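What follows is the content of query.txt, which has compact mmCIF, N, CA and C atoms:
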# COMPACT_ATOMS: atom_id res chain seq x y z
N MET A 1 18.00 -87.90 -5.54
CA MET A 1 18.25 -86.80 -6.43
C MET A 1 18.13 -87.24 -7.89
N LYS A 2 18.60 -88.43 -8.21
CA LYS A 2 18.53 -88.91 -9.58
C LYS A 2 17.08 -89.08 -10.02
N LYS A 3 16.22 -89.50 -9.11
CA LYS A 3 14.81 -89.68 -9.44
C LYS A 3 14.18 -88.34 -9.81
N GLN A 4 14.53 -87.27 -9.11
CA GLN A 4 14.00 -85.95 -9.39
C GLN A 4 14.47 -85.45 -10.76
N VAL A 5 15.70 -85.74 -11.11
CA VAL A 5 16.25 -85.34 -12.42
C VAL A 5 15.50 -86.09 -13.53
N LYS A 6 15.28 -87.39 -13.31
CA LYS A 6 14.54 -88.17 -14.32
C LYS A 6 13.12 -87.63 -14.50
N ILE A 7 12.49 -87.27 -13.40
CA ILE A 7 11.13 -86.71 -13.47
C ILE A 7 11.16 -85.38 -14.22
N ALA A 8 12.12 -84.53 -13.91
CA ALA A 8 12.22 -83.23 -14.58
C ALA A 8 12.47 -83.40 -16.07
N ILE A 9 13.34 -84.33 -16.44
CA ILE A 9 13.62 -84.59 -17.85
C ILE A 9 12.37 -85.13 -18.54
N SER A 10 11.64 -85.99 -17.87
CA SER A 10 10.40 -86.53 -18.44
C SER A 10 9.37 -85.42 -18.67
N ILE A 11 9.26 -84.53 -17.73
CA ILE A 11 8.32 -83.41 -17.86
C ILE A 11 8.71 -82.50 -19.01
N VAL A 12 9.98 -82.18 -19.12
CA VAL A 12 10.47 -81.33 -20.21
C VAL A 12 10.26 -82.03 -21.56
N ALA A 13 10.55 -83.31 -21.63
CA ALA A 13 10.37 -84.06 -22.87
C ALA A 13 8.90 -84.07 -23.28
N PHE A 14 8.03 -84.29 -22.30
CA PHE A 14 6.59 -84.28 -22.58
C PHE A 14 6.15 -82.91 -23.09
N ALA A 15 6.64 -81.85 -22.46
CA ALA A 15 6.29 -80.49 -22.87
C ALA A 15 6.77 -80.21 -24.29
N VAL A 16 7.95 -80.69 -24.64
CA VAL A 16 8.48 -80.50 -25.99
C VAL A 16 7.61 -81.25 -27.01
N VAL A 17 7.21 -82.46 -26.69
CA VAL A 17 6.37 -83.23 -27.59
C VAL A 17 5.02 -82.54 -27.79
N VAL A 18 4.41 -82.07 -26.71
CA VAL A 18 3.12 -81.38 -26.79
C VAL A 18 3.26 -80.10 -27.61
N ALA A 19 4.30 -79.32 -27.35
CA ALA A 19 4.52 -78.08 -28.10
C ALA A 19 4.75 -78.37 -29.58
N GLY A 20 5.50 -79.42 -29.87
CA GLY A 20 5.73 -79.80 -31.26
C GLY A 20 4.45 -80.20 -31.97
N ALA A 21 3.61 -80.95 -31.29
CA ALA A 21 2.33 -81.36 -31.87
C ALA A 21 1.43 -80.15 -32.10
N TYR A 22 1.41 -79.23 -31.15
CA TYR A 22 0.62 -78.01 -31.30
C TYR A 22 1.12 -77.19 -32.49
N LEU A 23 2.42 -77.03 -32.61
CA LEU A 23 3.01 -76.27 -33.70
C LEU A 23 2.69 -76.93 -35.05
N ALA A 24 2.81 -78.23 -35.14
CA ALA A 24 2.50 -78.94 -36.38
C ALA A 24 1.03 -78.75 -36.76
N ASN A 25 0.15 -78.83 -35.78
CA ASN A 25 -1.28 -78.63 -36.02
C ASN A 25 -1.55 -77.20 -36.50
N TYR A 26 -0.92 -76.23 -35.87
CA TYR A 26 -1.10 -74.83 -36.26
C TYR A 26 -0.60 -74.60 -37.69
N LEU A 27 0.57 -75.11 -38.02
CA LEU A 27 1.12 -74.94 -39.36
C LEU A 27 0.24 -75.61 -40.41
N ASN A 28 -0.34 -76.75 -40.08
CA ASN A 28 -1.29 -77.41 -40.97
C ASN A 28 -2.53 -76.55 -41.17
N SER A 29 -3.02 -75.93 -40.11
CA SER A 29 -4.19 -75.05 -40.21
C SER A 29 -3.89 -73.85 -41.10
N VAL A 30 -2.71 -73.28 -40.97
CA VAL A 30 -2.32 -72.14 -41.79
C VAL A 30 -2.27 -72.54 -43.27
N GLN A 31 -1.72 -73.70 -43.56
CA GLN A 31 -1.65 -74.16 -44.94
C GLN A 31 -3.04 -74.43 -45.51
N THR A 32 -3.91 -75.02 -44.71
CA THR A 32 -5.29 -75.26 -45.14
C THR A 32 -5.99 -73.95 -45.44
N TYR A 33 -5.79 -72.95 -44.58
CA TYR A 33 -6.35 -71.61 -44.76
C TYR A 33 -5.85 -70.98 -46.06
N LYS A 34 -4.55 -71.03 -46.29
CA LYS A 34 -3.98 -70.45 -47.51
C LYS A 34 -4.55 -71.13 -48.76
N ASN A 35 -4.66 -72.45 -48.72
CA ASN A 35 -5.23 -73.19 -49.85
C ASN A 35 -6.68 -72.79 -50.10
N ALA A 36 -7.45 -72.64 -49.03
CA ALA A 36 -8.87 -72.27 -49.16
C ALA A 36 -9.01 -70.89 -49.80
N VAL A 37 -8.18 -69.94 -49.40
CA VAL A 37 -8.23 -68.60 -49.98
C VAL A 37 -7.82 -68.65 -51.45
N ASP A 38 -6.78 -69.40 -51.76
CA ASP A 38 -6.31 -69.50 -53.15
C ASP A 38 -7.35 -70.13 -54.07
N GLU A 39 -8.20 -70.99 -53.54
CA GLU A 39 -9.20 -71.69 -54.35
C GLU A 39 -10.51 -70.93 -54.53
N ILE A 40 -10.62 -69.74 -53.93
CA ILE A 40 -11.86 -68.97 -54.06
C ILE A 40 -12.03 -68.52 -55.50
N SER A 41 -13.24 -68.78 -56.03
CA SER A 41 -13.62 -68.30 -57.35
C SER A 41 -15.06 -67.81 -57.26
N TYR A 42 -15.46 -67.02 -58.24
CA TYR A 42 -16.78 -66.39 -58.19
C TYR A 42 -17.66 -66.93 -59.31
N VAL A 43 -18.88 -67.32 -58.96
CA VAL A 43 -19.83 -67.89 -59.91
C VAL A 43 -20.59 -66.79 -60.63
N HIS A 44 -21.02 -65.79 -59.90
CA HIS A 44 -21.90 -64.74 -60.43
C HIS A 44 -21.09 -63.57 -60.98
N LYS A 45 -20.76 -63.65 -62.25
CA LYS A 45 -20.07 -62.54 -62.90
C LYS A 45 -21.07 -61.45 -63.28
N ASP A 46 -22.32 -61.82 -63.55
CA ASP A 46 -23.35 -60.89 -63.99
C ASP A 46 -24.54 -60.98 -63.05
N VAL A 47 -24.80 -59.92 -62.30
CA VAL A 47 -25.88 -59.95 -61.32
C VAL A 47 -27.24 -59.62 -61.93
N LYS A 48 -27.28 -59.30 -63.21
CA LYS A 48 -28.55 -58.96 -63.86
C LYS A 48 -29.53 -60.13 -63.90
N ASN A 49 -29.03 -61.34 -63.72
CA ASN A 49 -29.88 -62.52 -63.77
C ASN A 49 -30.40 -62.95 -62.41
N ILE A 50 -30.14 -62.17 -61.38
CA ILE A 50 -30.54 -62.53 -60.02
C ILE A 50 -31.96 -62.02 -59.76
N SER A 51 -32.81 -62.87 -59.23
CA SER A 51 -34.18 -62.49 -58.90
C SER A 51 -34.20 -61.55 -57.69
N ASP A 52 -35.25 -60.75 -57.62
CA ASP A 52 -35.40 -59.83 -56.51
C ASP A 52 -35.55 -60.59 -55.19
N GLY A 53 -35.03 -60.00 -54.12
CA GLY A 53 -35.13 -60.60 -52.80
C GLY A 53 -33.93 -60.26 -51.95
N SER A 54 -33.91 -60.80 -50.74
CA SER A 54 -32.78 -60.66 -49.83
C SER A 54 -32.15 -62.03 -49.64
N TYR A 55 -30.85 -62.05 -49.72
CA TYR A 55 -30.12 -63.31 -49.68
C TYR A 55 -29.00 -63.25 -48.65
N ILE A 56 -28.82 -64.33 -47.92
CA ILE A 56 -27.75 -64.44 -46.93
C ILE A 56 -26.67 -65.35 -47.50
N GLY A 57 -25.42 -64.94 -47.36
CA GLY A 57 -24.31 -65.76 -47.81
C GLY A 57 -23.15 -65.65 -46.85
N GLU A 58 -22.32 -66.67 -46.83
CA GLU A 58 -21.16 -66.65 -45.95
C GLU A 58 -20.00 -67.38 -46.59
N CYS A 59 -18.83 -67.08 -46.08
CA CYS A 59 -17.62 -67.76 -46.52
C CYS A 59 -16.71 -67.88 -45.29
N ASP A 60 -16.20 -69.08 -45.07
CA ASP A 60 -15.36 -69.35 -43.92
C ASP A 60 -14.11 -70.09 -44.37
N VAL A 61 -12.94 -69.49 -44.13
CA VAL A 61 -11.67 -70.13 -44.46
C VAL A 61 -10.80 -70.26 -43.21
N GLN A 62 -11.41 -70.56 -42.10
CA GLN A 62 -10.80 -70.77 -40.79
C GLN A 62 -10.42 -69.45 -40.10
N PHE A 63 -9.43 -68.75 -40.58
CA PHE A 63 -8.96 -67.54 -39.91
C PHE A 63 -9.78 -66.31 -40.28
N ILE A 64 -10.51 -66.38 -41.37
CA ILE A 64 -11.35 -65.27 -41.82
C ILE A 64 -12.73 -65.81 -42.14
N TYR A 65 -13.75 -65.07 -41.71
CA TYR A 65 -15.14 -65.47 -41.93
C TYR A 65 -15.95 -64.21 -42.23
N ALA A 66 -16.84 -64.30 -43.20
CA ALA A 66 -17.74 -63.19 -43.50
C ALA A 66 -19.13 -63.72 -43.75
N LYS A 67 -20.12 -62.96 -43.28
CA LYS A 67 -21.53 -63.27 -43.51
C LYS A 67 -22.20 -61.97 -43.96
N VAL A 68 -22.93 -62.03 -45.07
CA VAL A 68 -23.55 -60.83 -45.64
C VAL A 68 -25.02 -61.07 -45.95
N LYS A 69 -25.74 -59.97 -46.05
CA LYS A 69 -27.13 -59.99 -46.52
C LYS A 69 -27.16 -59.08 -47.75
N VAL A 70 -27.52 -59.66 -48.88
CA VAL A 70 -27.55 -58.93 -50.15
C VAL A 70 -29.02 -58.71 -50.54
N THR A 71 -29.36 -57.45 -50.84
CA THR A 71 -30.71 -57.11 -51.27
C THR A 71 -30.69 -56.77 -52.76
N VAL A 72 -31.58 -57.44 -53.51
CA VAL A 72 -31.68 -57.23 -54.95
C VAL A 72 -33.10 -56.75 -55.26
N LYS A 73 -33.19 -55.62 -56.01
CA LYS A 73 -34.48 -55.09 -56.47
C LYS A 73 -34.34 -54.75 -57.94
N ASN A 74 -35.31 -55.18 -58.73
CA ASN A 74 -35.29 -54.94 -60.18
C ASN A 74 -33.98 -55.43 -60.80
N HIS A 75 -33.52 -56.58 -60.32
CA HIS A 75 -32.30 -57.22 -60.83
C HIS A 75 -31.05 -56.36 -60.62
N VAL A 76 -31.07 -55.54 -59.57
CA VAL A 76 -29.94 -54.68 -59.22
C VAL A 76 -29.65 -54.87 -57.74
N ILE A 77 -28.38 -55.02 -57.40
CA ILE A 77 -28.00 -55.07 -55.98
C ILE A 77 -28.18 -53.67 -55.42
N THR A 78 -29.09 -53.54 -54.45
CA THR A 78 -29.35 -52.22 -53.87
C THR A 78 -28.65 -52.02 -52.53
N ASP A 79 -28.31 -53.14 -51.87
CA ASP A 79 -27.66 -53.00 -50.56
C ASP A 79 -26.96 -54.31 -50.22
N ILE A 80 -25.84 -54.16 -49.53
CA ILE A 80 -25.15 -55.32 -48.96
C ILE A 80 -24.83 -54.96 -47.52
N GLU A 81 -25.38 -55.75 -46.61
CA GLU A 81 -25.15 -55.55 -45.19
C GLU A 81 -24.16 -56.60 -44.69
N LEU A 82 -23.10 -56.15 -44.07
CA LEU A 82 -22.13 -57.07 -43.49
C LEU A 82 -22.64 -57.48 -42.11
N LEU A 83 -23.06 -58.72 -42.00
CA LEU A 83 -23.62 -59.22 -40.74
C LEU A 83 -22.53 -59.65 -39.77
N GLU A 84 -21.44 -60.18 -40.31
CA GLU A 84 -20.33 -60.62 -39.46
C GLU A 84 -19.06 -60.67 -40.29
N HIS A 85 -17.95 -60.25 -39.69
CA HIS A 85 -16.65 -60.33 -40.36
C HIS A 85 -15.59 -60.61 -39.30
N ARG A 86 -15.12 -61.85 -39.28
CA ARG A 86 -14.06 -62.25 -38.36
C ARG A 86 -12.74 -62.18 -39.15
N HIS A 87 -11.81 -61.42 -38.65
CA HIS A 87 -10.57 -61.18 -39.38
C HIS A 87 -9.47 -60.79 -38.41
N GLU A 88 -8.25 -60.73 -38.91
CA GLU A 88 -7.14 -60.24 -38.09
C GLU A 88 -6.89 -58.77 -38.40
N ARG A 89 -6.46 -58.49 -39.62
CA ARG A 89 -6.17 -57.11 -40.02
C ARG A 89 -6.95 -56.72 -41.26
N GLY A 90 -8.10 -57.34 -41.48
CA GLY A 90 -8.81 -57.17 -42.72
C GLY A 90 -10.00 -56.22 -42.70
N ALA A 91 -10.11 -55.37 -41.70
CA ALA A 91 -11.27 -54.47 -41.60
C ALA A 91 -11.38 -53.56 -42.82
N ALA A 92 -10.27 -53.17 -43.40
CA ALA A 92 -10.30 -52.28 -44.56
C ALA A 92 -11.04 -52.89 -45.74
N ALA A 93 -11.09 -54.21 -45.81
CA ALA A 93 -11.76 -54.90 -46.92
C ALA A 93 -13.26 -54.65 -46.93
N GLU A 94 -13.82 -54.24 -45.82
CA GLU A 94 -15.26 -54.02 -45.74
C GLU A 94 -15.73 -52.93 -46.70
N SER A 95 -14.83 -52.07 -47.14
CA SER A 95 -15.18 -51.00 -48.07
C SER A 95 -15.56 -51.52 -49.46
N ILE A 96 -15.20 -52.75 -49.78
CA ILE A 96 -15.52 -53.27 -51.12
C ILE A 96 -17.01 -53.49 -51.32
N LEU A 97 -17.77 -53.56 -50.24
CA LEU A 97 -19.21 -53.77 -50.37
C LEU A 97 -19.85 -52.61 -51.15
N LYS A 98 -19.44 -51.39 -50.85
CA LYS A 98 -19.96 -50.23 -51.58
C LYS A 98 -19.56 -50.29 -53.05
N GLU A 99 -18.36 -50.78 -53.31
CA GLU A 99 -17.88 -50.90 -54.68
C GLU A 99 -18.68 -51.94 -55.46
N ILE A 100 -19.01 -53.04 -54.81
CA ILE A 100 -19.82 -54.08 -55.46
C ILE A 100 -21.19 -53.51 -55.84
N VAL A 101 -21.81 -52.77 -54.93
CA VAL A 101 -23.11 -52.16 -55.21
C VAL A 101 -22.97 -51.14 -56.34
N ALA A 102 -21.95 -50.31 -56.30
CA ALA A 102 -21.78 -49.26 -57.31
C ALA A 102 -21.52 -49.85 -58.70
N ARG A 103 -20.72 -50.88 -58.78
CA ARG A 103 -20.35 -51.45 -60.08
C ARG A 103 -21.25 -52.60 -60.51
N GLN A 104 -22.08 -53.11 -59.58
CA GLN A 104 -22.99 -54.22 -59.88
C GLN A 104 -22.24 -55.46 -60.35
N GLU A 105 -21.10 -55.69 -59.74
CA GLU A 105 -20.34 -56.91 -60.01
C GLU A 105 -19.56 -57.30 -58.77
N ILE A 106 -19.33 -58.58 -58.64
CA ILE A 106 -18.68 -59.10 -57.45
C ILE A 106 -17.16 -59.00 -57.53
N ASP A 107 -16.63 -59.21 -58.69
CA ASP A 107 -15.17 -59.28 -58.81
C ASP A 107 -14.55 -57.89 -58.94
N VAL A 108 -14.73 -57.06 -57.91
CA VAL A 108 -14.12 -55.73 -57.86
C VAL A 108 -12.69 -55.88 -57.32
N ASP A 109 -11.91 -54.81 -57.43
CA ASP A 109 -10.54 -54.84 -56.94
C ASP A 109 -10.49 -55.11 -55.44
N ILE A 110 -9.48 -55.87 -55.05
CA ILE A 110 -9.28 -56.15 -53.63
C ILE A 110 -8.65 -54.93 -52.95
N VAL A 111 -8.74 -54.88 -51.64
CA VAL A 111 -8.16 -53.80 -50.86
C VAL A 111 -6.76 -54.20 -50.45
N ALA A 112 -5.77 -53.37 -50.81
CA ALA A 112 -4.38 -53.65 -50.45
C ALA A 112 -4.26 -53.75 -48.93
N GLY A 113 -3.54 -54.75 -48.48
CA GLY A 113 -3.35 -54.97 -47.06
C GLY A 113 -4.47 -55.80 -46.43
N ALA A 114 -5.51 -56.05 -47.20
CA ALA A 114 -6.64 -56.85 -46.72
C ALA A 114 -7.09 -57.79 -47.83
N THR A 115 -6.12 -58.36 -48.51
CA THR A 115 -6.39 -59.21 -49.68
C THR A 115 -7.28 -60.39 -49.35
N ASN A 116 -6.94 -61.15 -48.34
CA ASN A 116 -7.71 -62.35 -48.03
C ASN A 116 -9.10 -62.01 -47.53
N SER A 117 -9.23 -60.99 -46.71
CA SER A 117 -10.56 -60.57 -46.26
C SER A 117 -11.39 -60.10 -47.44
N SER A 118 -10.77 -59.40 -48.39
CA SER A 118 -11.48 -58.96 -49.58
C SER A 118 -12.05 -60.15 -50.34
N LYS A 119 -11.22 -61.16 -50.53
CA LYS A 119 -11.67 -62.36 -51.25
C LYS A 119 -12.80 -63.07 -50.51
N VAL A 120 -12.69 -63.16 -49.20
CA VAL A 120 -13.71 -63.86 -48.40
C VAL A 120 -15.03 -63.08 -48.43
N ILE A 121 -14.97 -61.77 -48.31
CA ILE A 121 -16.20 -60.97 -48.36
C ILE A 121 -16.86 -61.09 -49.74
N LYS A 122 -16.06 -61.01 -50.80
CA LYS A 122 -16.63 -61.14 -52.14
C LYS A 122 -17.26 -62.53 -52.33
N LYS A 123 -16.63 -63.56 -51.80
CA LYS A 123 -17.18 -64.91 -51.93
C LYS A 123 -18.47 -65.05 -51.12
N ALA A 124 -18.56 -64.39 -49.98
CA ALA A 124 -19.80 -64.42 -49.20
C ALA A 124 -20.93 -63.80 -50.00
N VAL A 125 -20.65 -62.70 -50.71
CA VAL A 125 -21.67 -62.07 -51.58
C VAL A 125 -22.04 -63.04 -52.70
N ASP A 126 -21.05 -63.64 -53.31
CA ASP A 126 -21.27 -64.61 -54.38
C ASP A 126 -22.15 -65.77 -53.88
N ASN A 127 -21.83 -66.28 -52.70
CA ASN A 127 -22.60 -67.38 -52.13
C ASN A 127 -24.04 -66.95 -51.83
N ALA A 128 -24.23 -65.71 -51.43
CA ALA A 128 -25.58 -65.22 -51.16
C ALA A 128 -26.42 -65.25 -52.44
N LEU A 129 -25.81 -64.92 -53.54
CA LEU A 129 -26.53 -64.85 -54.80
C LEU A 129 -26.63 -66.19 -55.51
N ASN A 130 -26.02 -67.20 -54.94
CA ASN A 130 -26.02 -68.52 -55.56
C ASN A 130 -27.29 -69.29 -55.22

Please render this file's structure as structure tokens.
Amino acid sequence: MKKQVKIAISIVAFAVVVAGAYLANYLNSVQTYKNAVDEISYVHKDVKNISDGSYIGECDVQFIYAKVKVTVKNHVITDIELLEHRHERGAAAESILKEIVARQEIDVDIVAGATNSSKVIKKAVDNALN
């Protein structure tokens, strides 16, 4: 009976160690993600200097990813196609693409409730034009 108790305690201890390691790894990933979002900045403040063409850009901060295709004609953004958007609750941020086209600038207002997705989508557009 004592041998079975020792085995059970060993199994529980092992499970606790594995769970602790998983939790530590997850918390590290969350912090890395938060830092990546906080460090996002935009290079292209003025799109008038962009040559005509279609450009692909992406931004990946672990939990959120966006890939876009930006079309420029006569130094004007005419279309932005969202090719991929991996997110949790950030679908509302997709509406900023129309705002970027309308205002001809990347740094438009973020969508409340989808702040991080807004930043990632805008950075994907910025990267496309880079």

Exercise for review: Determine, counting only C-alpha atoms, which protein, DNA and RNA residues have an atom within 7 Å of an atom of region 47-56 of chain A; residues of the same chain fewer than 3 positions away are not included. Present the result as a list of chain:residue names.
Suggested key: A:His44, A:Val68, A:Lys69, A:Val70, A:Thr71, A:Val72, A:Lys73, A:Asn74, A:His75, A:Val76, A:Gln104, A:Glu105, A:Ala128, A:Leu129

Check your understanding: When you draw a straight line from atom N of Ala66 (chain A) to atom C of Arg86 (chain A), how long is it in Å?
Key ->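 According to the coordinates, atom N of Ala66 (chain A) and atom C of Arg86 (chain A) are separated by 6.1 Å.
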
Review point. Which polymer residues have any atom within 9 Å of an atom of Ala112 (chain A), counting only C-alpha atoms, with same-chain residues fewer than 2 positions away left out, as a ChimeraX atom specification?
Key: /A:92-93,110,114-115,118

Practice item. Apply DSSP to the backbone of this structure and, from chain A, keep only the residues in helix (DSSP H, G or I); write these as a PyMOL selection string. Key: chain A and resi 2-38+47-49+91-103+115-129

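For the pair atom N of Glu39 (chain A) and atom C of Thr78 (chain A), the separation is 27.9 Å.
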
Exercise for review: Grab the CA of Val18 (chain A) to atom C of Tyr33 (chain A) distance for me, in Å with one decimal place.
Suggested key: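 One can read the CA of Val18 (chain A) to atom C of Tyr33 (chain A) distance as 23.7 Å.
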
Reconstruct region 44-65 of chain A at the level of N, CA, C and O atoms, and format the result as a compact mmCIF listing (two decimals), in the coordinates of the input.
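Result file is result-v2.txt:
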# COMPACT_ATOMS: atom_id res chain seq x y z
N HIS A 44 -21.02 -65.79 -59.90
CA HIS A 44 -21.90 -64.74 -60.43
C HIS A 44 -21.09 -63.57 -60.98
O HIS A 44 -20.81 -62.62 -60.28
N LYS A 45 -20.76 -63.65 -62.25
CA LYS A 45 -20.07 -62.54 -62.90
C LYS A 45 -21.07 -61.45 -63.28
O LYS A 45 -20.74 -60.29 -63.36
N ASP A 46 -22.32 -61.82 -63.55
CA ASP A 46 -23.35 -60.89 -63.99
C ASP A 46 -24.54 -60.98 -63.05
O ASP A 46 -25.24 -61.99 -63.01
N VAL A 47 -24.80 -59.92 -62.30
CA VAL A 47 -25.88 -59.95 -61.32
C VAL A 47 -27.24 -59.62 -61.93
O VAL A 47 -28.25 -59.69 -61.25
N LYS A 48 -27.28 -59.30 -63.21
CA LYS A 48 -28.55 -58.96 -63.86
C LYS A 48 -29.53 -60.13 -63.90
O LYS A 48 -30.71 -59.94 -64.10
N ASN A 49 -29.03 -61.34 -63.72
CA ASN A 49 -29.88 -62.52 -63.77
C ASN A 49 -30.40 -62.95 -62.41
O ASN A 49 -31.04 -63.99 -62.29
N ILE A 50 -30.14 -62.17 -61.38
CA ILE A 50 -30.54 -62.53 -60.02
C ILE A 50 -31.96 -62.02 -59.76
O ILE A 50 -32.26 -60.85 -60.01
N SER A 51 -32.81 -62.87 -59.23
CA SER A 51 -34.18 -62.49 -58.90
C SER A 51 -34.20 -61.55 -57.69
O SER A 51 -33.30 -61.59 -56.84
N ASP A 52 -35.25 -60.75 -57.62
CA ASP A 52 -35.40 -59.83 -56.51
C ASP A 52 -35.55 -60.59 -55.19
O ASP A 52 -36.10 -61.68 -55.14
N GLY A 53 -35.03 -60.00 -54.12
CA GLY A 53 -35.13 -60.60 -52.80
C GLY A 53 -33.93 -60.26 -51.95
O GLY A 53 -33.03 -59.51 -52.35
N SER A 54 -33.91 -60.80 -50.74
CA SER A 54 -32.78 -60.66 -49.83
C SER A 54 -32.15 -62.03 -49.64
O SER A 54 -32.86 -63.02 -49.44
N TYR A 55 -30.85 -62.05 -49.72
CA TYR A 55 -30.12 -63.31 -49.68
C TYR A 55 -29.00 -63.25 -48.65
O TYR A 55 -28.31 -62.24 -48.55
N ILE A 56 -28.82 -64.33 -47.92
CA ILE A 56 -27.75 -64.44 -46.93
C ILE A 56 -26.67 -65.35 -47.50
O ILE A 56 -26.97 -66.42 -48.04
N GLY A 57 -25.42 -64.94 -47.36
CA GLY A 57 -24.31 -65.76 -47.81
C GLY A 57 -23.15 -65.65 -46.85
O GLY A 57 -23.01 -64.64 -46.14
N GLU A 58 -22.32 -66.67 -46.83
CA GLU A 58 -21.16 -66.65 -45.95
C GLU A 58 -20.00 -67.38 -46.59
O GLU A 58 -20.17 -68.16 -47.52
N CYS A 59 -18.83 -67.08 -46.08
CA CYS A 59 -17.62 -67.76 -46.52
C CYS A 59 -16.71 -67.88 -45.29
O CYS A 59 -16.49 -66.90 -44.58
N ASP A 60 -16.20 -69.08 -45.07
CA ASP A 60 -15.36 -69.35 -43.92
C ASP A 60 -14.11 -70.09 -44.37
O ASP A 60 -14.20 -71.17 -44.94
N VAL A 61 -12.94 -69.49 -44.13
CA VAL A 61 -11.67 -70.13 -44.46
C VAL A 61 -10.80 -70.26 -43.21
O VAL A 61 -9.60 -70.08 -43.26
N GLN A 62 -11.41 -70.56 -42.10
CA GLN A 62 -10.80 -70.77 -40.79
C GLN A 62 -10.42 -69.45 -40.10
O GLN A 62 -11.03 -69.09 -39.13
N PHE A 63 -9.43 -68.75 -40.58
CA PHE A 63 -8.96 -67.54 -39.91
C PHE A 63 -9.78 -66.31 -40.28
O PHE A 63 -9.73 -65.30 -39.58
N ILE A 64 -10.51 -66.38 -41.37
CA ILE A 64 -11.35 -65.27 -41.82
C ILE A 64 -12.73 -65.81 -42.14
O ILE A 64 -12.87 -66.87 -42.77
N TYR A 65 -13.75 -65.07 -41.71
CA TYR A 65 -15.14 -65.47 -41.93
C TYR A 65 -15.95 -64.21 -42.23
O TYR A 65 -15.74 -63.17 -41.61
